Amino acid sequence: QVQLVESGGGLVQSGGSLRLSCAASGAIFNIYDMEWHRQIPGKQRELVAAITRDSTTNYADSAKGRFTISRDDAKKTVYLQMDSLKPEDTAVYYCHCDTEPWGDVWGQGTQVTVSS
């Protein structure tokens, strides 16, 4: 079995920062793409940032210039540094990984709330 555990969410004021972490555990041979998604109640889940195994990154327009995704393969962990947070960033943030041999795996989500 494999499990993704997110941490680092919480309540922060507008303009503040948070760092999310997502650690994978279990019998994993490799982790390929690692991603952060978010979901606002009543809306579809959306991709926020992605990082490939060779550390190529991709960001949603809303995240560019404010969020930074990174990974530590030795720790099987992906991070999302979020700066200059806005109230519209309030959502549940989910980690998603493409793993071998388990394929797509999702975390349970962590709540991020940005107050104005």
# chains A, B, ... in the order shown; residues from 1 in each chain; ligands from 1
>>> residues_around(residues="Gln111 (chain A)", least_positions_apart="5", cutoff="8 Å", atoms="only C-alpha atoms", output="NGL selection string")
:A and (9-10 or 90-93)
>>> residues_around(residues="Gln3 (chain A)", least_positions_apart="4", cutoff="7 Å", atoms="only C-alpha atoms", output="PDB file with C-alpha atoms, in the first residue's frame")
ATOM      1  CA  ALA A  24       4.704   9.423   0.468  1.00  0.00           C
ATOM      2  CA  SER A  25       5.045   6.205   2.395  1.00  0.00           C
ATOM      3  CA  GLY A  26       4.794   2.562   1.508  1.00  0.00           C
TER       4      GLY A  26
END
>>> residues_around(residues="Pro87 (chain A)", least_positions_apart="2", cutoff="8 Å", atoms="only C-alpha atoms", output="number ranges by chain")
A: 14, 85, 89-90, 113-116
>>> closest_residue(among="A:Gly8, A:Gly109, A:Gly15, A:Gly103", to="Asp33 (chain A)", atoms="only C-alpha atoms")
A:Gly103
>>> select_by_dssp(residues="region 4-98 of chain A", states="strand (DSSP E)", output="ChimeraX atom specification")
/A:4-7,10-13,18-26,30-39,46-51,57-59,67-72,77-82,91-98
>>> closest_residue(among="A:Ala27, A:Met34, A:Ala74, A:Ile40", to="Thr110 (chain A)", atoms="only C-alpha atoms")
A:Ile40
>>> closest_residue(among="A:Val2, A:Leu18, A:Asp61, A:Glu46", to="Ser84 (chain A)", atoms="only C-alpha atoms")
A:Leu18
>>> closest_residue(among="A:Arg66, A:Lys86, A:Lys43, A:His37", to="Leu11 (chain A)", atoms="only C-alpha atoms")
A:Lys86
>>> residues_around(residues="Val78 (chain A)", least_positions_apart="3", cutoff="8 Å", atoms="only C-alpha atoms", output="ChimeraX atom specification")
/A:21-23,34-35,69-72
>>> write_last_selection(atoms="C-alpha atoms", output="JSON list (two decimals), in the first residue's frame")
[["chain", "number", "residue", "atom", "x", "y", "z"],
["A", 21, "SER", "CA", 4.36, 19.24, 2.51],
["A", 22, "CYS", "CA", 3.27, 15.89, 1.12],
["A", 23, "ALA", "CA", 5.15, 12.78, 2.15],
["A", 34, "MET", "CA", 4.18, 15.22, -8.35],
["A", 35, "GLU", "CA", 1.41, 17.79, -8.24],
["A", 69, "ILE", "CA", 6.83, 23.67, -6.01],
["A", 70, "SER", "CA", 9.83, 21.52, -5.15],
["A", 71, "ARG", "CA", 10.60, 17.90, -4.37],
["A", 72, "ASP", "CA", 13.00, 15.81, -2.32]]
>>> atom_distance(atom1="CA of Tyr94 (chain A)", atom2="CA of Gln13 (chain A)")
20.8 Å
>>> residues_around(residues="Asn30 (chain A)", least_positions_apart="5", cutoff="10 Å", atoms="only C-alpha atoms", output="count of residues only")
9
>>> atom_distance(atom1="CA of Gln44 (chain A)", atom2="CA of Phe67 (chain A)")
20.1 Å
